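Visitor: Just so it is clear, I am handing over upload.cif, which has mmCIF, C-alpha atoms.
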data_model
#
loop_
_atom_site.group_PDB
_atom_site.id
_atom_site.type_symbol
_atom_site.label_atom_id
_atom_site.label_comp_id
_atom_site.auth_asym_id
_atom_site.auth_seq_id
_atom_site.Cartn_x
_atom_site.Cartn_y
_atom_site.Cartn_z
ATOM 1 C CA MET R 22 -3.046 28.493 -31.918
ATOM 2 C CA ASP R 23 -5.750 25.894 -32.460
ATOM 3 C CA THR R 24 -3.082 23.302 -33.304
ATOM 4 C CA ARG R 25 -1.332 23.853 -29.967
ATOM 5 C CA ASN R 26 -4.593 23.552 -28.029
ATOM 6 C CA GLY R 27 -5.415 20.338 -29.889
ATOM 7 C CA PHE R 28 -1.989 18.929 -29.068
ATOM 8 C CA ASP R 29 -2.331 19.837 -25.386
ATOM 9 C CA GLU R 30 -5.734 18.150 -25.244
ATOM 10 C CA ARG R 31 -4.432 14.962 -26.907
ATOM 11 C CA LEU R 32 -1.411 14.934 -24.595
ATOM 12 C CA ARG R 33 -3.630 15.313 -21.513
ATOM 13 C CA LYS R 34 -5.869 12.435 -22.644
ATOM 14 C CA ALA R 35 -2.891 10.187 -23.404
ATOM 15 C CA ARG R 36 -1.379 10.883 -19.971
ATOM 16 C CA GLN R 37 -4.696 10.048 -18.311
ATOM 17 C CA ARG R 38 -4.943 6.758 -20.239
ATOM 18 C CA LYS R 39 -1.442 5.723 -19.157
ATOM 19 C CA GLY R 40 -1.978 6.835 -15.557
ATOM 20 C CA LEU R 41 0.696 9.524 -15.758
ATOM 21 C CA ASP R 42 -1.559 12.402 -14.826
ATOM 22 C CA ARG R 43 0.006 14.074 -11.787
ATOM 23 C CA GLU R 44 -3.361 15.141 -10.407
ATOM 24 C CA LYS R 45 -4.289 11.527 -9.776
ATOM 25 C CA LEU R 46 -1.004 10.723 -8.031
ATOM 26 C CA SER R 47 -1.266 11.560 -4.313
ATOM 27 C CA GLN R 48 -3.607 14.512 -4.719
ATOM 28 C CA GLY R 49 -1.435 16.325 -7.258
ATOM 29 C CA ARG R 50 1.774 16.283 -5.259
ATOM 30 C CA LEU R 51 4.571 13.822 -5.740
ATOM 31 C CA PRO R 52 6.627 13.000 -2.650
ATOM 32 C CA GLY R 53 9.757 15.087 -2.399
ATOM 33 C CA SER R 54 13.227 13.858 -1.557
ATOM 34 C CA GLY R 55 12.780 14.889 2.077
ATOM 35 C CA ALA R 56 9.670 12.744 2.432
ATOM 36 C CA ILE R 57 11.355 9.760 0.811
ATOM 37 C CA GLY R 58 14.439 10.196 3.011
ATOM 38 C CA LEU R 59 12.284 10.416 6.119
ATOM 39 C CA ARG R 60 10.438 7.247 5.133
ATOM 40 C CA ALA R 61 13.716 5.407 4.503
ATOM 41 C CA GLY R 62 15.010 6.440 7.930
ATOM 42 C CA VAL R 63 11.808 5.392 9.645
ATOM 43 C CA GLU R 64 11.938 2.020 7.866
ATOM 44 C CA VAL R 65 15.452 1.287 9.153
ATOM 45 C CA VAL R 66 14.875 2.552 12.692
ATOM 46 C CA SER R 67 11.541 0.769 13.131
ATOM 47 C CA ALA R 68 12.984 -2.540 11.891
ATOM 48 C CA LEU R 69 15.912 -2.180 14.309
ATOM 49 C CA VAL R 70 13.611 -1.348 17.224
ATOM 50 C CA VAL R 71 11.442 -4.388 16.549
ATOM 51 C CA GLY R 72 14.490 -6.650 16.194
ATOM 52 C CA VAL R 73 16.129 -5.340 19.374
ATOM 53 C CA GLY R 74 12.831 -5.599 21.261
ATOM 54 C CA ILE R 75 12.263 -9.210 20.274
ATOM 55 C CA GLY R 76 15.887 -10.121 21.071
ATOM 56 C CA TRP R 77 15.807 -8.387 24.436
ATOM 57 C CA LEU R 78 12.515 -10.069 25.407
ATOM 58 C CA LEU R 79 13.793 -13.511 24.403
ATOM 59 C CA ASP R 80 17.045 -12.970 26.297
ATOM 60 C CA ARG R 81 15.195 -11.807 29.378
ATOM 61 C CA TRP R 82 12.805 -14.761 29.231
ATOM 62 C CA LEU R 83 15.498 -17.371 28.570
ATOM 63 C CA GLY R 84 18.367 -15.726 30.518
ATOM 64 C CA THR R 85 20.762 -15.799 27.580
ATOM 65 C CA PHE R 86 21.725 -12.118 27.333
ATOM 66 C CA PRO R 87 23.202 -10.893 24.881
ATOM 67 C CA TRP R 88 22.859 -13.654 22.280
ATOM 68 C CA PHE R 89 19.265 -13.232 21.058
ATOM 69 C CA PHE R 90 19.692 -9.469 21.385
ATOM 70 C CA LEU R 91 22.630 -9.536 18.956
ATOM 71 C CA VAL R 92 21.014 -11.994 16.542
ATOM 72 C CA PHE R 93 17.761 -10.047 16.312
ATOM 73 C CA PHE R 94 19.665 -6.764 16.092
ATOM 74 C CA LEU R 95 21.320 -8.106 12.933
ATOM 75 C CA ILE R 96 18.014 -9.481 11.612
ATOM 76 C CA GLY R 97 16.317 -6.121 12.265
ATOM 77 C CA GLY R 98 19.112 -4.254 10.512
ATOM 78 C CA ALA R 99 18.893 -6.569 7.506
ATOM 79 C CA ALA R 100 15.110 -6.137 7.400
ATOM 80 C CA GLY R 101 15.507 -2.342 7.486
ATOM 81 C CA VAL R 102 18.014 -2.353 4.642
ATOM 82 C CA LEU R 103 15.754 -4.677 2.640
ATOM 83 C CA ASN R 104 12.809 -2.311 3.181
ATOM 84 C CA VAL R 105 14.858 0.651 1.941
ATOM 85 C CA TYR R 106 16.009 -1.388 -1.066
ATOM 86 C CA ARG R 107 12.380 -2.155 -1.890
ATOM 87 C CA LEU R 108 11.513 1.525 -1.483
ATOM 88 C CA PHE R 109 14.068 2.616 -4.085
ATOM 89 C CA THR R 110 13.717 -0.287 -6.527
ATOM 90 C CA PRO R 111 11.160 0.376 -9.278
ATOM 91 C CA ARG R 112 8.455 -2.272 -9.508
ATOM 92 C CA LYS R 113 6.739 -3.410 -12.666
ATOM 93 C CA ARG R 114 2.993 -3.187 -12.284
ATOM 94 C CA PRO R 115 0.650 -5.473 -14.210
ATOM 95 C CA GLY R 116 -0.236 -3.941 -17.558
ATOM 96 C CA ASP R 117 2.784 -1.636 -17.709
ATOM 97 C CA PRO R 118 5.009 -1.843 -20.762
ATOM 98 C CA ALA R 119 8.538 -3.109 -20.237
ATOM 99 C CA MET R 120 10.770 -0.658 -18.390
ATOM 100 C CA PRO R 121 13.348 1.161 -20.517
ATOM 101 C CA ASP R 122 16.960 0.022 -20.310
ATOM 102 C CA ALA R 123 17.933 3.188 -18.440
ATOM 103 C CA VAL R 124 15.691 2.179 -15.538
ATOM 104 C CA ALA R 125 15.739 -1.598 -15.592
ATOM 105 C CA GLY R 126 19.308 -2.268 -16.736
ATOM 106 C CA THR R 127 20.026 -4.379 -19.763
ATOM 107 C CA LYS R 128 18.243 -7.370 -21.211
ATOM 108 C CA ASN R 129 20.717 -9.904 -19.941
ATOM 109 C CA GLY R 130 21.997 -7.881 -16.984
ATOM 110 C CA SER R 131 25.604 -7.661 -18.204
ATOM 111 C CA ARG R 132 27.437 -4.788 -19.807
ATOM 112 C CA THR R 133 30.562 -4.661 -21.878
ATOM 113 C CA GLY R 134 33.183 -1.924 -21.854
ATOM 114 C CA GLY R 135 31.999 1.627 -22.438
ATOM 115 C CA GLY R 136 28.514 0.971 -21.057
ATOM 116 C CA ARG R 137 27.326 -0.776 -24.216
ATOM 117 C CA ARG R 138 25.225 -3.897 -24.217
ATOM 118 C CA GLN R 139 26.639 -7.059 -25.725
ATOM 119 C CA ASP R 140 23.842 -7.309 -28.280
ATOM 120 C CA ASP R 141 24.591 -3.814 -29.757
#
Give the structure from this file in structure tokens form.
Guide:
Amino acid sequence: MDTRNGFDERLRKARQRKGLDREKLSQGRLPGSGAIGLRAGVEVVSALVVGVGIGWLLDRWLGTFPWFFLVFFLIGGAAGVLNVYRLFTPRKRPGDPAMPDAVAGTKNGSRTGGGRRQDD
């Protein structure tokens, strides 16, 4: 049993060195799918509200209803979608090794038939 304890200790130290220790990530709890979904919804709705608010105020001030309202509604919607895209896209942090192909795609971004890379 001493071998297993030694392995567990080495594994714990290696995870701490790489920053993979769950206890250090958000007080030991990773965000669940419900929390991520709620955040994505709030991102979209808040961007739309800001866009509609700015458009409505400009239209009211300039007397051009509904033109700025529509333009800023579209801009707010695009900003919300962009925020959700950023939320779900993995980012490379400084000092991290290169992301594996399963996460980052392929080296040159293109695939051939059967899901194989061209350089295979």
Visitor: From the set R:Val65, R:Val105, R:Ala99, R:Val92, which residue has the shortest atom-to-atom contact distance to Asp80 (chain R), counting only C-alpha atoms?
Guide: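 Closest to Asp80 (chain R), using only C-alpha atoms: R:Val92.
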Visitor: Go ahead and compute the interatomic distance for CA of Gly58 (chain R) and CA of Leu103 (chain R), in Å to one decimal.
Guide: 14.9 Å
Visitor: Residues picked by the PyMOL selection byres ((chain R and resi 98) around 8) here, as a list in words?
Guide: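 With the PyMOL selection byres ((chain R and resi 98) around 8) on this model, the match is Val65, Ala68, Leu69, Gly72, Phe94, Leu95, Ile96, Gly97, Ala99, Ala100, Gly101 and Val102 of chain R.
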Visitor: Taking into account only C-alpha atoms, which residue in the set R:Leu41, R:Ala56, R:Ala61, R:Leu32 is nearest to Asn104 (chain R)?
Guide: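 Smallest separation from Asn104 (chain R) among the options: R:Ala61.
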Visitor: Separation of CA of Pro111 (chain R) and CA of Val70 (chain R), in Å?
Guide: 26.7 Å
Visitor: Suppose you want the space between CA of Phe89 (chain R) and CA of Val71 (chain R); what is it in Å?
Guide: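 Interatomic distance, CA of Phe89 (chain R) to CA of Val71 (chain R): 12.6 Å.
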Visitor: Output, as AutoDock Vina command-line options, the centre and edge lengths in Å (one decimal) of the axis-aligned box that contains all listed atoms of region 61-77 of chain R with 5 Å of margin on each side.
Guide:
--center_x 13.8 --center_y -1.8 --center_z 14.5 --size_x 14.7 --size_y 26.6 --size_z 29.9
